[in-house]
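*Asks:* query-v1.pdb (PDB, C-alpha atoms, pLDDT in the B column) pasted underneath:
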ATOM      1  CA  MET A 401    -202.916 -59.146-196.842  1.00 42.00           C
ATOM      2  CA  SER A 402    -204.371 -55.977-195.386  1.00 65.00           C
ATOM      3  CA  ARG A 403    -202.158 -53.517-193.581  1.00 82.00           C
ATOM      4  CA  LEU A 404    -201.989 -49.916-192.517  1.00 85.00           C
ATOM      5  CA  THR A 405    -200.007 -47.778-194.941  1.00 87.00           C
ATOM      6  CA  TRP A 406    -199.075 -44.110-195.164  1.00 88.00           C
ATOM      7  CA  ARG A 407    -199.644 -42.158-198.366  1.00 87.00           C
ATOM      8  CA  ARG A 408    -198.640 -38.580-199.073  1.00 82.00           C
ATOM      9  CA  GLN A 409    -201.225 -36.332-200.735  1.00 77.00           C
ATOM     10  CA  PRO A 410    -200.243 -35.282-204.268  1.00 72.00           C
ATOM     11  CA  ASN A 411    -198.264 -32.123-204.962  1.00 72.00           C
ATOM     12  CA  GLU A 412    -199.856 -29.006-206.391  1.00 75.00           C
ATOM     13  CA  THR A 413    -199.366 -28.294-210.076  1.00 76.00           C
ATOM     14  CA  GLY A 414    -198.627 -25.134-212.034  1.00 77.00           C
ATOM     15  CA  LEU A 415    -198.069 -21.879-210.160  1.00 75.00           C
ATOM     16  CA  ALA A 416    -199.662 -23.251-206.996  1.00 68.00           C
ATOM     17  CA  LYS A 417    -196.617 -25.535-206.639  1.00 71.00           C
ATOM     18  CA  VAL A 418    -194.394 -22.501-205.974  1.00 73.00           C
ATOM     19  CA  CYS A 419    -195.966 -21.742-202.601  1.00 70.00           C
ATOM     20  CA  GLN A 420    -197.381 -25.111-201.552  1.00 67.00           C
ATOM     21  CA  SER A 421    -197.112 -26.138-197.928  1.00 67.00           C
ATOM     22  CA  ASP A 422    -196.192 -29.589-196.655  1.00 73.00           C
ATOM     23  CA  ARG A 423    -198.485 -32.294-197.967  1.00 76.00           C
ATOM     24  CA  ASP A 424    -200.745 -34.134-195.530  1.00 83.00           C
ATOM     25  CA  ALA A 425    -200.077 -37.806-194.886  1.00 88.00           C
ATOM     26  CA  GLU A 426    -202.999 -40.247-194.995  1.00 87.00           C
ATOM     27  CA  LEU A 427    -203.149 -43.446-192.953  1.00 89.00           C
ATOM     28  CA  ARG A 428    -204.960 -45.993-195.109  1.00 87.00           C
ATOM     29  CA  PHE A 429    -206.409 -49.476-194.621  1.00 85.00           C
ATOM     30  CA  ASN A 430    -207.603 -51.422-197.702  1.00 82.00           C
ATOM     31  CA  GLY A 431    -207.488 -48.226-199.761  1.00 81.00           C
ATOM     32  CA  GLU A 432    -209.707 -46.291-197.347  1.00 83.00           C
ATOM     33  CA  THR A 433    -208.364 -43.235-195.521  1.00 84.00           C
ATOM     34  CA  LEU A 434    -208.788 -43.616-191.754  1.00 85.00           C
ATOM     35  CA  ALA A 435    -206.798 -40.642-190.455  1.00 87.00           C
ATOM     36  CA  ASN A 436    -204.569 -37.763-191.547  1.00 87.00           C
ATOM     37  CA  VAL A 437    -201.472 -36.033-190.216  1.00 89.00           C
ATOM     38  CA  SER A 438    -201.383 -32.355-191.130  1.00 86.00           C
ATOM     39  CA  THR A 439    -199.322 -29.246-190.375  1.00 84.00           C
ATOM     40  CA  THR A 440    -200.480 -26.428-188.125  1.00 83.00           C
ATOM     41  CA  GLN A 441    -200.037 -22.763-189.020  1.00 77.00           C
ATOM     42  CA  GLY A 442    -197.320 -22.511-186.381  1.00 78.00           C
ATOM     43  CA  GLY A 443    -195.213 -25.206-188.021  1.00 80.00           C
ATOM     44  CA  GLY A 444    -196.158 -28.176-185.826  1.00 85.00           C
ATOM     45  CA  TYR A 445    -198.186 -31.271-186.656  1.00 87.00           C
ATOM     46  CA  TYR A 446    -201.481 -32.771-185.534  1.00 83.00           C
ATOM     47  CA  TYR A 447    -203.636 -35.748-186.490  1.00 85.00           C
ATOM     48  CA  TYR A 448    -207.341 -36.248-187.027  1.00 84.00           C
ATOM     49  CA  GLY A 449    -209.598 -39.164-187.864  1.00 80.00           C
ATOM     50  CA  CYS A 450    -211.532 -42.026-186.234  1.00 70.00           C
ATOM     51  CA  GLY A 451    -213.418 -39.558-184.061  1.00 70.00           C
ATOM     52  CA  ARG A 452    -210.401 -37.696-182.693  1.00 73.00           C
ATOM     53  CA  ASN A 453    -208.636 -34.439-183.457  1.00 71.00           C
ATOM     54  CA  SER A 454    -205.403 -33.929-181.517  1.00 73.00           C
ATOM     55  CA  LEU A 455    -205.454 -30.175-182.205  1.00 69.00           C
ATOM     56  CA  ARG A 456    -208.748 -29.787-180.299  1.00 71.00           C
ATOM     57  CA  LEU A 457    -207.219 -31.754-177.434  1.00 75.00           C
ATOM     58  CA  ASN A 458    -204.170 -29.429-177.388  1.00 72.00           C
ATOM     59  CA  ILE A 459    -201.879 -32.253-178.441  1.00 78.00           C
ATOM     60  CA  HIS A 460    -199.238 -30.842-180.784  1.00 79.00           C
ATOM     61  CA  PHE A 461    -196.166 -32.521-182.239  1.00 86.00           C
ATOM     62  CA  TYR A 462    -192.886 -30.956-183.298  1.00 87.00           C
ATOM     63  CA  CYS A 463    -192.002 -33.582-185.891  1.00 87.00           C
ATOM     64  CA  GLU A 464    -194.087 -35.483-188.410  1.00 86.00           C
ATOM     65  CA  GLU A 465    -192.817 -38.915-187.360  1.00 88.00           C
ATOM     66  CA  SER A 466    -194.026 -38.537-183.755  1.00 90.00           C
ATOM     67  CA  ALA A 467    -197.437 -37.350-185.018  1.00 88.00           C
ATOM     68  CA  LYS A 468    -197.631 -40.367-187.340  1.00 90.00           C
ATOM     69  CA  LYS A 469    -196.710 -42.746-184.522  1.00 90.00           C
ATOM     70  CA  ALA A 470    -199.357 -41.306-182.166  1.00 89.00           C
ATOM     71  CA  CYS A 471    -201.936 -41.314-184.960  1.00 86.00           C
ATOM     72  CA  LYS A 472    -201.284 -44.953-185.823  1.00 88.00           C
ATOM     73  CA  GLU A 473    -201.511 -45.991-182.157  1.00 88.00           C
ATOM     74  CA  TRP A 474    -204.839 -44.164-181.835  1.00 85.00           C
ATOM     75  CA  VAL A 475    -206.281 -45.741-184.995  1.00 85.00           C
ATOM     76  CA  ILE A 476    -205.232 -49.261-183.984  1.00 85.00           C
ATOM     77  CA  SER A 477    -206.908 -48.853-180.589  1.00 85.00           C
ATOM     78  CA  SER A 478    -210.093 -47.280-181.993  1.00 82.00           C
ATOM     79  CA  PRO A 479    -213.322 -49.321-182.154  1.00 78.00           C
ATOM     80  CA  GLU A 480    -213.894 -48.171-185.770  1.00 77.00           C
ATOM     81  CA  PHE A 481    -210.675 -49.812-186.932  1.00 79.00           C
ATOM     82  CA  LYS A 482    -211.384 -53.050-185.064  1.00 77.00           C
ATOM     83  CA  LEU A 483    -214.799 -53.196-186.723  1.00 75.00           C
ATOM     84  CA  LYS A 484    -213.231 -52.675-190.164  1.00 74.00           C
ATOM     85  CA  GLN A 485    -210.830 -55.561-189.511  1.00 74.00           C
ATOM     86  CA  LEU A 486    -213.716 -57.843-188.501  1.00 73.00           C
ATOM     87  CA  ASN A 487    -215.771 -56.856-191.551  1.00 74.00           C
ATOM     88  CA  LYS A 488    -212.805 -57.522-193.825  1.00 68.00           C
ATOM     89  CA  GLY A 489    -212.456 -61.029-192.379  1.00 59.00           C
ATOM     90  CA  ASN A 490    -216.150 -61.811-193.055  1.00 53.00           C
ATOM     91  CA  ARG A 491    -215.871 -61.214-196.815  1.00 52.00           C
TER      92      ARG A 491
END
Any chance you could put this one into structure tokens?

*Replies:*
Amino acid sequence: MSRLTWRRQPNETGLAKVCQSDRDAELRFNGETLANVSTTQGGGYYYYGCGRNSLRLNIHFYCEESAKKACKEWVISSPEFKLKQLNKGNR
């Protein structure tokens, strides 16, 4: 069964781990990354993928969960995702 899942990017290693920032979260479908939720320099969150970047649209989020929710809603409504679902069903 195919479903949308979130995956956290891996942590840094060695000395880079000391000053690493929050890891981006990837929204994946069948192992393919469709969109990402990332942190802004000011400490907020934004999402990008499937032809949209919320930061360019001045849409900022104060918590990661609300950014993830908005990102998932956007991906599900995008034509790219609907096409991927149809292509998966034809295999």

*Asks:* Can you spell out as a PyMOL selection string the set of residues that the PyMOL selection byres ((chain A and resi 408) around 6) selects in the structure I just provided?

*Replies:* chain A and resi 407+409+425

*Asks:* Residue by residue, what does the PyMOL selection byres ((chain A and resi 466-469) around 12) grab here? Present the result as an MDAnalysis selection string.

*Replies:* chainID A and resid 404:408 424:427 435:440 444:448 453:455 459:465 470:476

*Asks:* So, counting all atoms listed in the file, which residue among A:Gln485, A:Thr413, A:Ser478, A:Asn430 is closest to Gly449 of chain A?

*Replies:*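 Nearest to Gly449 of chain A: A:Ser478.
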
*Asks:* Counting only C-alpha atoms, which of A:Leu457, A:Leu483, A:Leu415, A:Cys450 gets nearest to Arg428 of chain A?

*Replies:* A:Cys450

*Asks:* Which of these, A:Gly442, A:Phe429, A:Arg423, A:Phe481, has the shortest distance to Arg403 of chain A once you count only C-alpha atoms?

*Replies:*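 Closest residue, counting only C-alpha atoms: A:Phe429.
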
*Asks:* Just give me the gap between atom CA of Gly451 of chain A and atom CA of Pro410 of chain A in Å, one decimal is fine.

*Replies:* 24.5 Å

*Asks:* Could you write out as AutoDock Vina command-line options the box around segment 448-467 of chain A (axis-aligned, all atoms listed in the file, 6 Å on each side), with centre and edge lengths in Å to one decimal?

*Replies:*
--center_x -202.7 --center_y -35.7 --center_z -182.9 --size_x 33.4 --size_y 24.6 --size_z 23.0

*Asks:* How many Å separate atom CA of Asn458 of chain A from atom CA of Pro479 of chain A?

*Replies:*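 Taking atom CA of Asn458 of chain A and atom CA of Pro479 of chain A, their separation equals 22.4 Å.
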
*Asks:* Any chance you could model N, CA and C atoms for segment 435-466 of chain A and send them as a short mmCIF file (atom, residue, chain, number, x, y, z; two decimals), in the frame of the given file?

*Replies:*
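Saved as rebuild.cif:
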data_model
loop_
_atom_site.label_atom_id
_atom_site.label_comp_id
_atom_site.auth_asym_id
_atom_site.auth_seq_id
_atom_site.Cartn_x
_atom_site.Cartn_y
_atom_site.Cartn_z
N ALA A 435 -207.25 -41.81 -191.22
CA ALA A 435 -206.80 -40.64 -190.46
C ALA A 435 -205.77 -39.87 -191.28
N ASN A 436 -205.52 -38.64 -190.87
CA ASN A 436 -204.57 -37.76 -191.55
C ASN A 436 -203.64 -37.12 -190.54
N VAL A 437 -202.41 -36.85 -190.97
CA VAL A 437 -201.47 -36.03 -190.22
C VAL A 437 -201.26 -34.78 -191.04
N SER A 438 -201.45 -33.63 -190.42
CA SER A 438 -201.38 -32.35 -191.13
C SER A 438 -200.52 -31.36 -190.36
N THR A 439 -200.13 -30.28 -191.03
CA THR A 439 -199.32 -29.25 -190.38
C THR A 439 -200.23 -28.17 -189.78
N THR A 440 -199.77 -27.57 -188.70
CA THR A 440 -200.48 -26.43 -188.12
C THR A 440 -199.90 -25.15 -188.72
N GLN A 441 -200.55 -24.03 -188.51
CA GLN A 441 -200.04 -22.76 -189.02
C GLN A 441 -198.74 -22.37 -188.33
N GLY A 442 -198.52 -22.84 -187.12
CA GLY A 442 -197.32 -22.51 -186.38
C GLY A 442 -196.13 -23.39 -186.72
N GLY A 443 -196.31 -24.35 -187.61
CA GLY A 443 -195.21 -25.21 -188.02
C GLY A 443 -195.17 -26.56 -187.35
N GLY A 444 -196.11 -26.87 -186.47
CA GLY A 444 -196.16 -28.18 -185.83
C GLY A 444 -197.03 -29.13 -186.62
N TYR A 445 -197.36 -30.26 -186.02
CA TYR A 445 -198.19 -31.27 -186.66
C TYR A 445 -199.30 -31.71 -185.72
N TYR A 446 -200.38 -32.19 -186.30
CA TYR A 446 -201.48 -32.77 -185.53
C TYR A 446 -202.13 -33.86 -186.37
N TYR A 447 -202.94 -34.71 -185.74
CA TYR A 447 -203.64 -35.75 -186.49
C TYR A 447 -205.14 -35.67 -186.23
N TYR A 448 -205.89 -36.19 -187.18
CA TYR A 448 -207.34 -36.25 -187.03
C TYR A 448 -207.87 -37.46 -187.78
N GLY A 449 -208.96 -38.01 -187.27
CA GLY A 449 -209.60 -39.16 -187.86
C GLY A 449 -210.07 -40.12 -186.79
N CYS A 450 -210.96 -41.03 -187.16
CA CYS A 450 -211.53 -42.03 -186.23
C CYS A 450 -212.09 -41.34 -184.98
N GLY A 451 -212.74 -40.23 -185.17
CA GLY A 451 -213.42 -39.56 -184.06
C GLY A 451 -212.52 -38.75 -183.14
N ARG A 452 -211.31 -38.44 -183.56
CA ARG A 452 -210.40 -37.70 -182.69
C ARG A 452 -209.65 -36.64 -183.50
N ASN A 453 -209.43 -35.51 -182.87
CA ASN A 453 -208.64 -34.44 -183.46
C ASN A 453 -207.66 -33.97 -182.39
N SER A 454 -206.38 -34.24 -182.55
CA SER A 454 -205.40 -33.93 -181.52
C SER A 454 -205.26 -32.42 -181.31
N LEU A 455 -205.57 -31.63 -182.34
CA LEU A 455 -205.45 -30.18 -182.20
C LEU A 455 -206.50 -29.65 -181.21
N ARG A 456 -207.70 -30.19 -181.25
CA ARG A 456 -208.75 -29.79 -180.30
C ARG A 456 -208.41 -30.22 -178.88
N LEU A 457 -207.61 -31.27 -178.75
CA LEU A 457 -207.22 -31.75 -177.43
C LEU A 457 -205.92 -31.11 -176.95
N ASN A 458 -205.44 -30.11 -177.68
CA ASN A 458 -204.17 -29.43 -177.39
C ASN A 458 -202.99 -30.39 -177.37
N ILE A 459 -203.01 -31.35 -178.27
CA ILE A 459 -201.88 -32.25 -178.44
C ILE A 459 -201.20 -31.85 -179.74
N HIS A 460 -200.00 -31.29 -179.62
CA HIS A 460 -199.24 -30.84 -180.78
C HIS A 460 -197.94 -31.62 -180.85
N PHE A 461 -197.42 -31.79 -182.04
CA PHE A 461 -196.17 -32.52 -182.24
C PHE A 461 -195.19 -31.63 -182.98
N TYR A 462 -193.91 -31.77 -182.65
CA TYR A 462 -192.89 -30.96 -183.30
C TYR A 462 -192.31 -31.62 -184.54
N CYS A 463 -192.48 -32.94 -184.67
CA CYS A 463 -192.00 -33.58 -185.89
C CYS A 463 -193.10 -34.50 -186.44
N GLU A 464 -193.05 -34.70 -187.73
CA GLU A 464 -194.09 -35.48 -188.41
C GLU A 464 -194.07 -36.94 -187.97
N GLU A 465 -192.90 -37.50 -187.75
CA GLU A 465 -192.82 -38.92 -187.36
C GLU A 465 -193.50 -39.20 -186.03
N SER A 466 -193.35 -38.30 -185.04
CA SER A 466 -194.03 -38.54 -183.76
C SER A 466 -195.54 -38.39 -183.89
#
